[in-house]
Amino acid sequence: MRRKVYMVAGYNTISMGTGRKEFNPKKERPGLEEYIREAGQGTLNMIGGAANVDECVIGNFMASRFNRQANLAAFFPYVDEGLRYKPAIRVEGACATGGLALMSGIKSVLAETADVVLVIGVEVQNTVKAIYCADFLAGAGWFKNRKNGHAYFFPGQFSDRAGAYFEKYGRDKTRQALARWFRNAVENSRLCPTAQEYHNTVKDLEALAMMEPNGKSFVDHLNVFDCSKVSDGASSIAIVSESGLKRCGIPASEAIEVLGWGQMEEDITKPPVDPAELTTTKEAVKTALASAGITRDQIGTAEIHDCFTIAGLMCMEAIGFAEKGKGADFILEGNTARTGRFPINTTGGLVGWGHPTGGTGVHQAVTILEQLTGKAGDAQVTIPADRPYGLTVNMGGDDKTLVSIVYKKAE
Amino acid sequence: MTYEERLQHVSVLGAAGKMGSGILLLTAVEMADLSLKPENKGKPFVLNAIDVSDEALSGVLKYLKAQVLKMAEKKVVALRKVYAGRPDLIDNDEIIDQYIFDVLSIVRPSTRMEAAYDSKMVFEAIKEDPDLKIRIFAGISANNPHQPWFFTNTSSIPITKLDEGAGLGGRIIGFHFYNPPAVQKLVEVIKATNTLPEVEAFALAYAKNLRKIVVPSHDVAGFIGNGHFMRDILHAASEVDKLGKDFSFVEAVYAMNRISQDFLVRPMGIFQLVDYVGVDVCSFIMSVMDHHLKEETLRCPLLDRFLALGVKGGQYSDGSQKDGILKYEKGRPVAIYDPGIKAYVPISDFQASVDAKLGTLPAPPAWKAVVGNKAKEDLLRAYFDQLKGASGLGAELARFYATRSCEIGQELVSSGVAGNESDVNTVLLTGFFHAYGPINNYL
């Protein structure tokens, strides 16, 4: 890379929605602008204010339908008057929006048009019931497939993938592994005060998650516990150059360095190459690891895109942690738990922490920043000295838009 | 005539009422679902919503729209298949909106009884007045060339009396929904002596399609549901009288309401239930039953006294509770009407002293915590075991109340109103939402 790129000053709002004690769908809640402002100010407070910012990026998937709002870049001056007349851009790539926002910021720093980029990812989705939310999120797929798709479009897509996986590699053990995935997610969430499942007190999570899927009221191969949450939330982070780091007065010990990435697209009009495999994810991770010059075995922790538990399982295979068809064993052997070899989604991931779609990619970076700099609080895991790298995988649509980034603690 | 043909032209009488609007909703949805089947494309389906005034009917479509929206949201997975052939309907909200439109477009509000002259079946949910019902049935029957079938929602009047009075020749059956019809699972089905077998067969098929639980009741005034409920009221009223020597009137009403709710683990106390149904309705049902049941007197001076003072209870059109024997704030009783001073007395004035007089009781589990609980049986048995050995006035009243409720149930079986004990228990479980049937061996 032509110069070093760092991330600092991560901030997450609460991921609000069912599961949080304070969530009441019948009462008025903070709107899109409040989430943007809270997250943006959170980061600005840590980097010495808006004066230090050169450019801004906001990632948002579907405010046009959830909140009937577009032109989101113009909310930066609402975050802080000091951002008036500064360049800003809004990016969108379905659930990989956050990842694309990060990439946009990274590229501005690399292009030397900016030394400090403020990046916010946001989505406020509880404005409608889940059944209508499904319509909006279906925009992540090809609209021409919507008519023949499931009422719950994306759960339907990943249910089909789960069905294909069950058929190829067996159902019982796989369902057990998906239940374990849910349990790990919720247990990790209980350690993170901003997580949507932070208040969850269910004792036997795996038994709960083993509930038999019911295709009459939902989808054939997944139950609601296999799904990520409907969330309101925002995350923000600053992407900075070396001089940007100095300008903000942040020591390198509080930063992570971007070592490499894989950013790519697959044809949205085409069905999956193999429904039992995340082929684009596989390619993106391969590219990210190669560009960072590391192997998957050097990864200490990863934040991956478990929009559904089955996507989490398949991602373990796409990264190469597990062989094809062995993802269930890998999970059931405890490898992905916080005490396992590769702690995955240490604050709950999309299933546990929440999935404010446009914010998720940024949230992943914030979690890696916290973990690698030792600031994850109760959720902190041990990062082995010989495996100091953090990996993120952010997926948009059904394995279509991919951003995978490799990080390590700055020196 | 097939099931579908019968349901192509239907009228609901009393469609703006509490029960009628619910019956209208369920029937409209069933008819719309039939109309949307490919084989029924192009066939007209008509549902007349008949009531006495335009004012009353003006709220009906609004109610239907809100309810059908809820139902459509729940069954959108299936609705996407129903509208698979409509390329213009893509998002769930478009499909839901279309379904609401398709249901509502079947419904024709009307204040004219003549609208029923073309119907092949008639649901009736009007005032509990035998003469009025007979007059209307006879009128429709005489002017309707289709020999229509009559499904009456009466909760007390013997069906045979209506059949004979209106000269229907067995084209009638009792089809008694519970309040609210869209929610309560129970339907009591009551055959008149001459009810035609095809009418009964249709009634059972219709109930099945509505996913209702059918309990047959014999054609004895009050049937099973009110047979138990009215005698339960009489028991509570007589206990209020007895308590009169140690308690003021409002204290006694409070005590029996609390005993019947908290200590019998029921969803609401007996006097709150009277308010829910309506003091006037309860009183009317009792008088109908009293008229038909020669061996037994069913009169409740306590209800009559309230009624004479204009204390009626019942519900507002949005389903919220009107003040009656009890006064309500946010759905909870906060005061009790004292007929002596013609005013409500706040419960907080006497609650502590009455509770103290009732004595220490074993802590009953809340009805809410029991009703859907898998370990319901164990919870109830453990509680009643404690109640069995408990001393004090409250425990005594609770035991006597439960025993009397059980006796009432058993008498419904021995007198032939109910076919068996299980039917009685099903009615209380699914029509009154009790956590357990009255005929049990808990005590």
# chains A, B, ... in the order shown; residues from 1 in each chain; ligands from 1
$ residues_around --residues "region 373-386 of chain A" --least-positions-apart "2" --cutoff "6 Å" --atoms "only C-alpha atoms" --output "list of chain:residue names"
A:Leu191, A:Glu254, A:Gly300, A:Glu370, A:Gln371, A:Pro388
$ residues_around --residues "Ile23 (chain B)" --least-positions-apart "6" --cutoff "12 Å" --atoms "only C-alpha atoms" --output "PyMOL selection string"
chain B and resi 10-17+29-31+47-49+60+64+122-126+151-153+175-184+187+206-207+210
$ select_by_dssp --residues "region 253-354 of chain B" --states "strand (DSSP E)" --output "PDB file with N, CA and C atoms, in the first residue's frame"
ATOM      1  N   LEU B 326     -68.429  -2.452  38.760  1.00  0.00           N
ATOM      2  CA  LEU B 326     -67.115  -1.926  39.102  1.00  0.00           C
ATOM      3  C   LEU B 326     -66.818  -0.725  38.204  1.00  0.00           C
ATOM      4  N   LYS B 327     -65.952   0.127  38.699  1.00  0.00           N
ATOM      5  CA  LYS B 327     -65.491   1.254  37.890  1.00  0.00           C
ATOM      6  C   LYS B 327     -64.058   0.928  37.453  1.00  0.00           C
ATOM      7  N   TYR B 328     -63.728   1.301  36.196  1.00  0.00           N
ATOM      8  CA  TYR B 328     -62.441   0.866  35.639  1.00  0.00           C
ATOM      9  C   TYR B 328     -61.548   2.037  35.261  1.00  0.00           C
ATOM     10  N   GLU B 329     -60.274   1.846  35.519  1.00  0.00           N
ATOM     11  CA  GLU B 329     -59.270   2.771  34.993  1.00  0.00           C
ATOM     12  C   GLU B 329     -58.221   1.934  34.300  1.00  0.00           C
ATOM     13  N   ARG B 332     -58.603  -1.767  34.681  1.00  0.00           N
ATOM     14  CA  ARG B 332     -58.554  -2.394  36.014  1.00  0.00           C
ATOM     15  C   ARG B 332     -59.625  -1.803  36.920  1.00  0.00           C
ATOM     16  N   PRO B 333     -60.261  -2.674  37.726  1.00  0.00           N
ATOM     17  CA  PRO B 333     -61.274  -2.170  38.657  1.00  0.00           C
ATOM     18  C   PRO B 333     -60.631  -1.271  39.717  1.00  0.00           C
ATOM     19  N   VAL B 334     -61.239  -0.102  39.942  1.00  0.00           N
ATOM     20  CA  VAL B 334     -60.686   0.809  40.955  1.00  0.00           C
ATOM     21  C   VAL B 334     -61.719   1.194  42.008  1.00  0.00           C
ATOM     22  N   ALA B 335     -63.016   0.938  41.715  1.00  0.00           N
ATOM     23  CA  ALA B 335     -64.052   1.317  42.672  1.00  0.00           C
ATOM     24  C   ALA B 335     -65.257   0.398  42.474  1.00  0.00           C
ATOM     25  N   ILE B 336     -66.131   0.368  43.440  1.00  0.00           N
ATOM     26  CA  ILE B 336     -67.326  -0.481  43.363  1.00  0.00           C
ATOM     27  C   ILE B 336     -68.562   0.375  43.633  1.00  0.00           C
ATOM     28  N   TYR B 337     -69.603   0.131  42.854  1.00  0.00           N
ATOM     29  CA  TYR B 337     -70.820   0.937  42.975  1.00  0.00           C
ATOM     30  C   TYR B 337     -71.606   0.537  44.224  1.00  0.00           C
ATOM     31  N   ASP B 338     -71.950   1.541  45.017  1.00  0.00           N
ATOM     32  CA  ASP B 338     -72.762   1.295  46.205  1.00  0.00           C
ATOM     33  C   ASP B 338     -74.177   1.787  45.915  1.00  0.00           C
ATOM     34  N   ALA B 343     -73.280   5.766  44.336  1.00  0.00           N
ATOM     35  CA  ALA B 343     -71.967   6.291  43.938  1.00  0.00           C
ATOM     36  C   ALA B 343     -70.923   5.187  44.055  1.00  0.00           C
ATOM     37  N   TYR B 344     -69.796   5.406  43.343  1.00  0.00           N
ATOM     38  CA  TYR B 344     -68.701   4.436  43.430  1.00  0.00           C
ATOM     39  C   TYR B 344     -67.842   4.729  44.659  1.00  0.00           C
ATOM     40  N   VAL B 345     -67.449   3.649  45.339  1.00  0.00           N
ATOM     41  CA  VAL B 345     -66.555   3.781  46.492  1.00  0.00           C
ATOM     42  C   VAL B 345     -65.188   3.202  46.085  1.00  0.00           C
ATOM     43  N   PRO B 346     -64.118   4.007  46.238  1.00  0.00           N
ATOM     44  CA  PRO B 346     -62.798   3.509  45.823  1.00  0.00           C
ATOM     45  C   PRO B 346     -62.405   2.233  46.576  1.00  0.00           C
TER      46      PRO B 346
END
$ closest_residue --among "A:Ala114, A:Ala322, A:Val79, A:Val403" --to "His305 (chain A)" --atoms "only C-alpha atoms"
A:Val403
$ interface_residues --of "chain A" --to "chain B" --cutoff "9 Å" --atoms "only C-alpha atoms" --output "PyMOL selection string"
chain A and resi 131-132+134-136+146-152+215-219
$ write_last_selection --atoms "N, CA, C and O atoms" --output "PDB file, in the first residue's frame"
ATOM      1  N   ILE A 131     -42.987  -8.025   8.654  1.00  0.00           N
ATOM      2  CA  ILE A 131     -43.507  -8.505   7.368  1.00  0.00           C
ATOM      3  C   ILE A 131     -43.290  -7.470   6.256  1.00  0.00           C
ATOM      4  O   ILE A 131     -43.123  -7.809   5.084  1.00  0.00           O
ATOM      5  N   TYR A 132     -43.298  -6.180   6.637  1.00  0.00           N
ATOM      6  CA  TYR A 132     -43.027  -5.125   5.651  1.00  0.00           C
ATOM      7  C   TYR A 132     -41.522  -4.866   5.533  1.00  0.00           C
ATOM      8  O   TYR A 132     -41.022  -4.513   4.462  1.00  0.00           O
ATOM      9  N   ALA A 134     -39.436  -7.100   5.542  1.00  0.00           N
ATOM     10  CA  ALA A 134     -38.981  -8.121   4.586  1.00  0.00           C
ATOM     11  C   ALA A 134     -39.035  -7.595   3.154  1.00  0.00           C
ATOM     12  O   ALA A 134     -38.157  -7.890   2.345  1.00  0.00           O
ATOM     13  N   ASP A 135     -40.066  -6.805   2.845  1.00  0.00           N
ATOM     14  CA  ASP A 135     -40.171  -6.206   1.511  1.00  0.00           C
ATOM     15  C   ASP A 135     -38.998  -5.275   1.235  1.00  0.00           C
ATOM     16  O   ASP A 135     -38.413  -5.289   0.157  1.00  0.00           O
ATOM     17  N   PHE A 136     -38.686  -4.431   2.222  1.00  0.00           N
ATOM     18  CA  PHE A 136     -37.631  -3.431   2.026  1.00  0.00           C
ATOM     19  C   PHE A 136     -36.279  -4.122   1.853  1.00  0.00           C
ATOM     20  O   PHE A 136     -35.487  -3.756   0.993  1.00  0.00           O
ATOM     21  N   ARG A 146     -38.478 -10.902  -6.858  1.00  0.00           N
ATOM     22  CA  ARG A 146     -39.303 -10.659  -5.663  1.00  0.00           C
ATOM     23  C   ARG A 146     -40.655 -11.345  -5.753  1.00  0.00           C
ATOM     24  O   ARG A 146     -41.133 -11.935  -4.802  1.00  0.00           O
ATOM     25  N   LYS A 147     -41.282 -11.250  -6.917  1.00  0.00           N
ATOM     26  CA  LYS A 147     -42.649 -11.781  -7.047  1.00  0.00           C
ATOM     27  C   LYS A 147     -42.721 -13.266  -6.678  1.00  0.00           C
ATOM     28  O   LYS A 147     -43.623 -13.697  -5.978  1.00  0.00           O
ATOM     29  N   ASN A 148     -41.759 -14.030  -7.167  1.00  0.00           N
ATOM     30  CA  ASN A 148     -41.804 -15.468  -6.884  1.00  0.00           C
ATOM     31  C   ASN A 148     -41.052 -15.841  -5.612  1.00  0.00           C
ATOM     32  O   ASN A 148     -40.957 -17.015  -5.270  1.00  0.00           O
ATOM     33  N   GLY A 149     -40.555 -14.843  -4.918  1.00  0.00           N
ATOM     34  CA  GLY A 149     -39.823 -15.110  -3.681  1.00  0.00           C
ATOM     35  C   GLY A 149     -40.764 -15.315  -2.509  1.00  0.00           C
ATOM     36  O   GLY A 149     -41.985 -15.190  -2.627  1.00  0.00           O
ATOM     37  N   HIS A 150     -40.170 -15.623  -1.373  1.00  0.00           N
ATOM     38  CA  HIS A 150     -40.937 -15.878  -0.159  1.00  0.00           C
ATOM     39  C   HIS A 150     -41.435 -14.565   0.429  1.00  0.00           C
ATOM     40  O   HIS A 150     -40.854 -13.506   0.195  1.00  0.00           O
ATOM     41  N   ALA A 151     -42.533 -14.645   1.201  1.00  0.00           N
ATOM     42  CA  ALA A 151     -43.029 -13.452   1.901  1.00  0.00           C
ATOM     43  C   ALA A 151     -41.886 -12.844   2.708  1.00  0.00           C
ATOM     44  O   ALA A 151     -41.677 -11.632   2.701  1.00  0.00           O
ATOM     45  N   TYR A 152     -41.165 -13.700   3.429  1.00  0.00           N
ATOM     46  CA  TYR A 152     -39.949 -13.261   4.129  1.00  0.00           C
ATOM     47  C   TYR A 152     -38.796 -13.567   3.174  1.00  0.00           C
ATOM     48  O   TYR A 152     -38.219 -14.647   3.211  1.00  0.00           O
ATOM     49  N   GLY A 215     -42.768 -24.027   7.955  1.00  0.00           N
ATOM     50  CA  GLY A 215     -42.908 -23.375   6.656  1.00  0.00           C
ATOM     51  C   GLY A 215     -44.255 -22.719   6.437  1.00  0.00           C
ATOM     52  O   GLY A 215     -44.400 -21.871   5.555  1.00  0.00           O
ATOM     53  N   LYS A 216     -45.254 -23.094   7.237  1.00  0.00           N
ATOM     54  CA  LYS A 216     -46.586 -22.492   7.049  1.00  0.00           C
ATOM     55  C   LYS A 216     -46.613 -21.047   7.521  1.00  0.00           C
ATOM     56  O   LYS A 216     -47.278 -20.209   6.926  1.00  0.00           O
ATOM     57  N   SER A 217     -45.923 -20.776   8.629  1.00  0.00           N
ATOM     58  CA  SER A 217     -45.961 -19.405   9.132  1.00  0.00           C
ATOM     59  C   SER A 217     -44.662 -18.663   8.859  1.00  0.00           C
ATOM     60  O   SER A 217     -44.628 -17.440   8.884  1.00  0.00           O
ATOM     61  N   PHE A 218     -43.570 -19.410   8.600  1.00  0.00           N
ATOM     62  CA  PHE A 218     -42.296 -18.736   8.323  1.00  0.00           C
ATOM     63  C   PHE A 218     -41.623 -19.465   7.157  1.00  0.00           C
ATOM     64  O   PHE A 218     -42.228 -19.532   6.091  1.00  0.00           O
ATOM     65  N   VAL A 219     -40.427 -19.954   7.329  1.00  0.00           N
ATOM     66  CA  VAL A 219     -39.753 -20.626   6.205  1.00  0.00           C
ATOM     67  C   VAL A 219     -39.458 -22.088   6.557  1.00  0.00           C
ATOM     68  O   VAL A 219     -39.482 -22.462   7.726  1.00  0.00           O
TER      69      VAL A 219
END
$ residues_around --residues "Met62 (chain A)" --least-positions-apart "6" --cutoff "8 Å" --atoms "only C-alpha atoms" --output "PyMOL selection string"
chain A and resi 94+123+136-137+358
$ select_by_dssp --residues "region 98-174 of chain A" --states "helix (DSSP H, G or I)" --output "short mmCIF file (atom, residue, chain, number, x, y, z; two decimals) with N, CA, C and O atoms, in the first residue's frame"
data_model
loop_
_atom_site.label_atom_id
_atom_site.label_comp_id
_atom_site.auth_asym_id
_atom_site.auth_seq_id
_atom_site.Cartn_x
_atom_site.Cartn_y
_atom_site.Cartn_z
N GLY A 98 -21.95 -1.03 5.09
CA GLY A 98 -20.95 -0.57 6.07
C GLY A 98 -19.55 -0.86 5.57
O GLY A 98 -18.65 -0.02 5.69
N GLY A 99 -19.38 -2.04 5.01
CA GLY A 99 -18.08 -2.41 4.46
C GLY A 99 -17.67 -1.49 3.33
O GLY A 99 -16.52 -1.06 3.22
N LEU A 100 -18.64 -1.16 2.48
CA LEU A 100 -18.34 -0.25 1.36
C LEU A 100 -18.02 1.15 1.88
O LEU A 100 -17.16 1.84 1.31
N ALA A 101 -18.69 1.56 2.96
CA ALA A 101 -18.40 2.88 3.54
C ALA A 101 -16.95 2.90 4.03
O ALA A 101 -16.22 3.89 3.82
N LEU A 102 -16.53 1.79 4.67
CA LEU A 102 -15.15 1.71 5.12
C LEU A 102 -14.19 1.78 3.94
O LEU A 102 -13.19 2.50 3.96
N MET A 103 -14.52 1.03 2.88
CA MET A 103 -13.64 1.01 1.70
C MET A 103 -13.54 2.39 1.07
O MET A 103 -12.47 2.80 0.62
N SER A 104 -14.65 3.11 1.07
CA SER A 104 -14.65 4.46 0.52
C SER A 104 -13.69 5.35 1.31
O SER A 104 -12.90 6.12 0.74
N GLY A 105 -13.76 5.21 2.64
CA GLY A 105 -12.87 6.00 3.51
C GLY A 105 -11.42 5.60 3.32
O GLY A 105 -10.51 6.46 3.25
N ILE A 106 -11.17 4.29 3.26
CA ILE A 106 -9.81 3.78 3.08
C ILE A 106 -9.22 4.36 1.79
O ILE A 106 -8.08 4.82 1.75
N LYS A 107 -10.04 4.36 0.75
CA LYS A 107 -9.53 4.81 -0.55
C LYS A 107 -9.29 6.33 -0.57
O LYS A 107 -8.38 6.80 -1.25
N SER A 108 -10.07 7.08 0.18
CA SER A 108 -9.81 8.53 0.27
C SER A 108 -8.47 8.77 0.94
O SER A 108 -7.71 9.66 0.53
N VAL A 109 -8.19 7.99 1.98
CA VAL A 109 -6.90 8.16 2.67
C VAL A 109 -5.77 7.74 1.74
O VAL A 109 -4.74 8.44 1.63
N LEU A 110 -5.97 6.63 1.03
CA LEU A 110 -4.94 6.17 0.10
C LEU A 110 -4.75 7.14 -1.05
O LEU A 110 -3.63 7.35 -1.54
N ALA A 130 -42.16 -6.59 10.89
CA ALA A 130 -41.20 -7.47 10.20
C ALA A 130 -41.69 -7.87 8.80
O ALA A 130 -40.88 -7.99 7.88
N ILE A 131 -42.99 -8.02 8.65
CA ILE A 131 -43.51 -8.51 7.37
C ILE A 131 -43.29 -7.47 6.26
O ILE A 131 -43.12 -7.81 5.08
N TYR A 132 -43.30 -6.18 6.64
CA TYR A 132 -43.03 -5.12 5.65
C TYR A 132 -41.52 -4.87 5.53
O TYR A 132 -41.02 -4.51 4.46
N CYS A 133 -40.83 -5.04 6.65
CA CYS A 133 -39.38 -4.95 6.67
C CYS A 133 -38.81 -5.92 5.63
O CYS A 133 -37.86 -5.59 4.90
N ALA A 134 -39.44 -7.10 5.54
CA ALA A 134 -38.98 -8.12 4.59
C ALA A 134 -39.04 -7.59 3.15
O ALA A 134 -38.16 -7.89 2.34
N ASP A 135 -40.07 -6.80 2.85
CA ASP A 135 -40.17 -6.21 1.51
C ASP A 135 -39.00 -5.27 1.24
O ASP A 135 -38.41 -5.29 0.16
N PHE A 136 -38.69 -4.43 2.22
CA PHE A 136 -37.63 -3.43 2.03
C PHE A 136 -36.28 -4.12 1.85
O PHE A 136 -35.49 -3.76 0.99
N LEU A 137 -36.04 -5.12 2.71
CA LEU A 137 -34.75 -5.80 2.66
C LEU A 137 -34.60 -6.63 1.39
O LEU A 137 -33.48 -6.91 0.95
N ALA A 138 -35.74 -7.00 0.80
CA ALA A 138 -35.69 -7.78 -0.44
C ALA A 138 -34.99 -7.00 -1.54
O ALA A 138 -34.54 -7.57 -2.54
N GLY A 139 -34.87 -5.68 -1.35
CA GLY A 139 -34.14 -4.85 -2.30
C GLY A 139 -32.69 -5.26 -2.46
O GLY A 139 -32.02 -4.88 -3.43
N ALA A 140 -32.20 -6.06 -1.52
CA ALA A 140 -30.82 -6.56 -1.63
C ALA A 140 -30.70 -7.67 -2.66
O ALA A 140 -29.60 -8.07 -3.03
N PHE A 143 -34.84 -7.41 -8.03
CA PHE A 143 -36.27 -7.13 -7.87
C PHE A 143 -37.13 -8.05 -8.72
O PHE A 143 -38.26 -8.38 -8.35
N LYS A 144 -36.58 -8.50 -9.84
CA LYS A 144 -37.38 -9.38 -10.70
C LYS A 144 -37.61 -10.75 -10.06
O LYS A 144 -38.45 -11.51 -10.53
N ASN A 145 -36.87 -11.06 -9.02
CA ASN A 145 -37.11 -12.31 -8.30
C ASN A 145 -38.08 -12.14 -7.14
O ASN A 145 -38.44 -13.12 -6.48
N PHE A 153 -38.49 -12.61 2.32
CA PHE A 153 -37.67 -12.90 1.14
C PHE A 153 -36.29 -13.47 1.49
O PHE A 153 -35.94 -14.57 1.05
N PHE A 154 -35.52 -12.75 2.30
CA PHE A 154 -34.16 -13.24 2.58
C PHE A 154 -34.14 -14.46 3.49
O PHE A 154 -33.36 -15.39 3.24
N PRO A 155 -34.99 -14.51 4.53
CA PRO A 155 -35.07 -15.79 5.24
C PRO A 155 -35.38 -16.93 4.28
O PRO A 155 -34.85 -18.03 4.42
N GLY A 156 -36.21 -16.65 3.27
CA GLY A 156 -36.53 -17.67 2.26
C GLY A 156 -35.29 -18.09 1.47
O GLY A 156 -35.05 -19.27 1.25
N GLN A 157 -34.49 -17.10 1.05
CA GLN A 157 -33.29 -17.40 0.27
C GLN A 157 -32.33 -18.29 1.07
O GLN A 157 -31.80 -19.27 0.56
N PHE A 158 -32.12 -17.90 2.35
CA PHE A 158 -31.16 -18.65 3.15
C PHE A 158 -31.76 -19.96 3.69
O PHE A 158 -31.03 -20.89 4.01
N SER A 159 -33.09 -20.02 3.76
CA SER A 159 -33.73 -21.29 4.08
C SER A 159 -33.47 -22.27 2.94
O SER A 159 -33.18 -23.45 3.15
N ASP A 160 -33.55 -21.77 1.71
CA ASP A 160 -33.26 -22.63 0.56
C ASP A 160 -31.80 -23.12 0.61
O ASP A 160 -31.51 -24.27 0.33
N ARG A 161 -30.92 -22.21 0.98
CA ARG A 161 -29.51 -22.61 1.12
C ARG A 161 -29.37 -23.66 2.22
O ARG A 161 -28.65 -24.66 2.04
N ALA A 162 -30.06 -23.43 3.34
CA ALA A 162 -29.98 -24.40 4.44
C ALA A 162 -30.51 -25.75 3.98
O ALA A 162 -29.91 -26.80 4.27
N GLY A 163 -31.63 -25.72 3.24
CA GLY A 163 -32.20 -26.97 2.74
C GLY A 163 -31.21 -27.72 1.85
O GLY A 163 -31.03 -28.94 1.98
N ALA A 164 -30.54 -26.97 0.99
CA ALA A 164 -29.55 -27.59 0.10
C ALA A 164 -28.39 -28.15 0.91
O ALA A 164 -27.88 -29.24 0.62
N TYR A 165 -27.99 -27.41 1.93
CA TYR A 165 -26.87 -27.86 2.77
C TYR A 165 -27.26 -29.13 3.55
O TYR A 165 -26.49 -30.08 3.64
N PHE A 166 -28.48 -29.11 4.10
CA PHE A 166 -28.96 -30.29 4.85
C PHE A 166 -28.92 -31.53 3.96
O PHE A 166 -28.51 -32.60 4.37
N GLU A 167 -29.39 -31.33 2.74
CA GLU A 167 -29.48 -32.46 1.82
C GLU A 167 -28.10 -33.02 1.49
O GLU A 167 -27.90 -34.23 1.41
N LYS A 168 -27.16 -32.13 1.34
CA LYS A 168 -25.81 -32.54 0.94
C LYS A 168 -25.02 -33.13 2.12
O LYS A 168 -24.32 -34.12 1.97
N TYR A 169 -25.16 -32.49 3.28
CA TYR A 169 -24.27 -32.86 4.38
C TYR A 169 -24.99 -33.37 5.64
O TYR A 169 -24.36 -33.63 6.65
N ASP A 172 -29.47 -33.23 10.89
CA ASP A 172 -29.53 -33.20 12.35
C ASP A 172 -28.34 -32.47 12.98
O ASP A 172 -28.50 -31.57 13.80
N LYS A 173 -27.15 -32.90 12.55
CA LYS A 173 -25.96 -32.27 13.13
C LYS A 173 -25.89 -30.80 12.75
O LYS A 173 -25.51 -29.95 13.55
N THR A 174 -26.30 -30.48 11.53
CA THR A 174 -26.24 -29.09 11.08
C THR A 174 -27.18 -28.23 11.91
O THR A 174 -26.81 -27.15 12.37
#
$ closest_residue --among "A:Asp274, A:Glu112, A:Glu22, A:Asp306" --to "His355 (chain A)" --atoms "only C-alpha atoms"
A:Asp306
$ closest_residue --among "B:Leu309, B:Leu25, B:Met289, B:Val52" --to "Thr111 (chain B)" --atoms "only C-alpha atoms"
B:Val52
$ residues_around --residues "Leu372 (chain A)" --least-positions-apart "6" --cutoff "8 Å" --atoms "only C-alpha atoms" --output "list in words"
Ile256, Ile383, Pro388, Tyr389, Gly390, Lys408 and Lys409 of chain A
$ write_last_selection --atoms "C-alpha atoms" --output "short mmCIF file (atom, residue, chain, number, x, y, z; two decimals), in the first residue's frame"
data_model
loop_
_atom_site.label_atom_id
_atom_site.label_comp_id
_atom_site.auth_asym_id
_atom_site.auth_seq_id
_atom_site.Cartn_x
_atom_site.Cartn_y
_atom_site.Cartn_z
CA ILE A 256 -5.64 -0.73 14.23
CA ILE A 383 -5.57 -12.35 21.10
CA PRO A 388 -2.49 -11.04 16.05
CA TYR A 389 -4.80 -10.50 13.08
CA GLY A 390 -8.44 -9.59 12.95
CA LYS A 408 -3.82 -5.80 13.17
CA LYS A 409 -3.01 -3.58 16.09
#
